[in-house]
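Undergrad: Shown below is the structure under consideration.
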Amino acid sequence: MRVIAGKYKRRLLKTLAGTDVTRPTADRVRESLFNMLAPEIDGAIVWDLFAGSGALGIEALSRGAGHVTFVEQSAAACKVIGENLKTLGIHPDTYTLVVGNVETFLQNRTSGAANSAPQVSLVLADPPYHSAWYDEALGALASSGRCARDCLVVLEMKSDRILIPPDLALWSLVDERRYGIAQLQFWRLADTGSSSDDNRA
């Protein structure tokens, strides 16, 4: 796997063998995704949830994201992420690597020092296709209080999965694309004044 574009273009990334736990996003899907995200990336504060090898977050950094937080519960996958970041020479100030599950990470965002962190403007989430987290994803992200107003959330899932947000007043489906068995859904958080502050990437 290679970085597609930006500062680290064509640099090789280590990956884990694809499993039900870590499923690398196909190159053509990743390229299409970041072409669509081009207006969102520069200076963005990004969460790469269920990060796997870190390819999505690293692609965001390569294209000018301000900071990426990688969240991955597999210790083996986190080791690969760390090796990729080190090999590419990515400055430690531009990323945070969290070893743990996404549910706990989001619950912890609502208290302590996390409240002083910049609001997140872009969330990339690629859970295992069988994961029940899809059904709580948008509600959990909104409840964390860490998403900036008009934050964009991109979910990768099976093409036949239907996702209904818990609060239609908060979330709008702004785009969806299908690639074989995979689909990308792009959800925008409404600018309702519900986030805890106005900090943006």
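Simple scheme: letters A, B, ... for chains in structure tokens order, numbers from 1 for residues in each chain, numbers from 1 for ligands in the order shown.
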I need the residues in segment 100-182 of chain A that are helix (DSSP H, G or I) according to DSSP; give them as number ranges by chain.

TA: A: 102-108, 112-116, 132-144

Undergrad: Quick one: residues within 12 Å of segment 126-136 of chain A, only C-alpha atoms, excluding same-chain residues fewer than 3 positions away - as a count of residues only?

TA: 57

Undergrad: Give the answer as one residue: which of A:Ala60, A:Ala117, A:Leu189, A:Leu168 has the shortest atom-to-atom distance to Leu152 of chain A, using only C-alpha atoms?

TA: A:Leu189

Undergrad: Neighbouring residues of Asp93 of chain A were defined as those with any atom within 10 Å, considering only C-alpha atoms; residues of the same chain fewer than 4 positions away were excluded. Please report them as a list in words.

TA: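 In the requested form, the answer reads Gly66, His67 and Val68 of chain A.
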
Undergrad: How many Å lie between atom CA of Arg188 of chain A and atom CA of Lys7 of chain A, rounded to one decimal?

TA: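 Those two atoms sit 27.4 Å apart.
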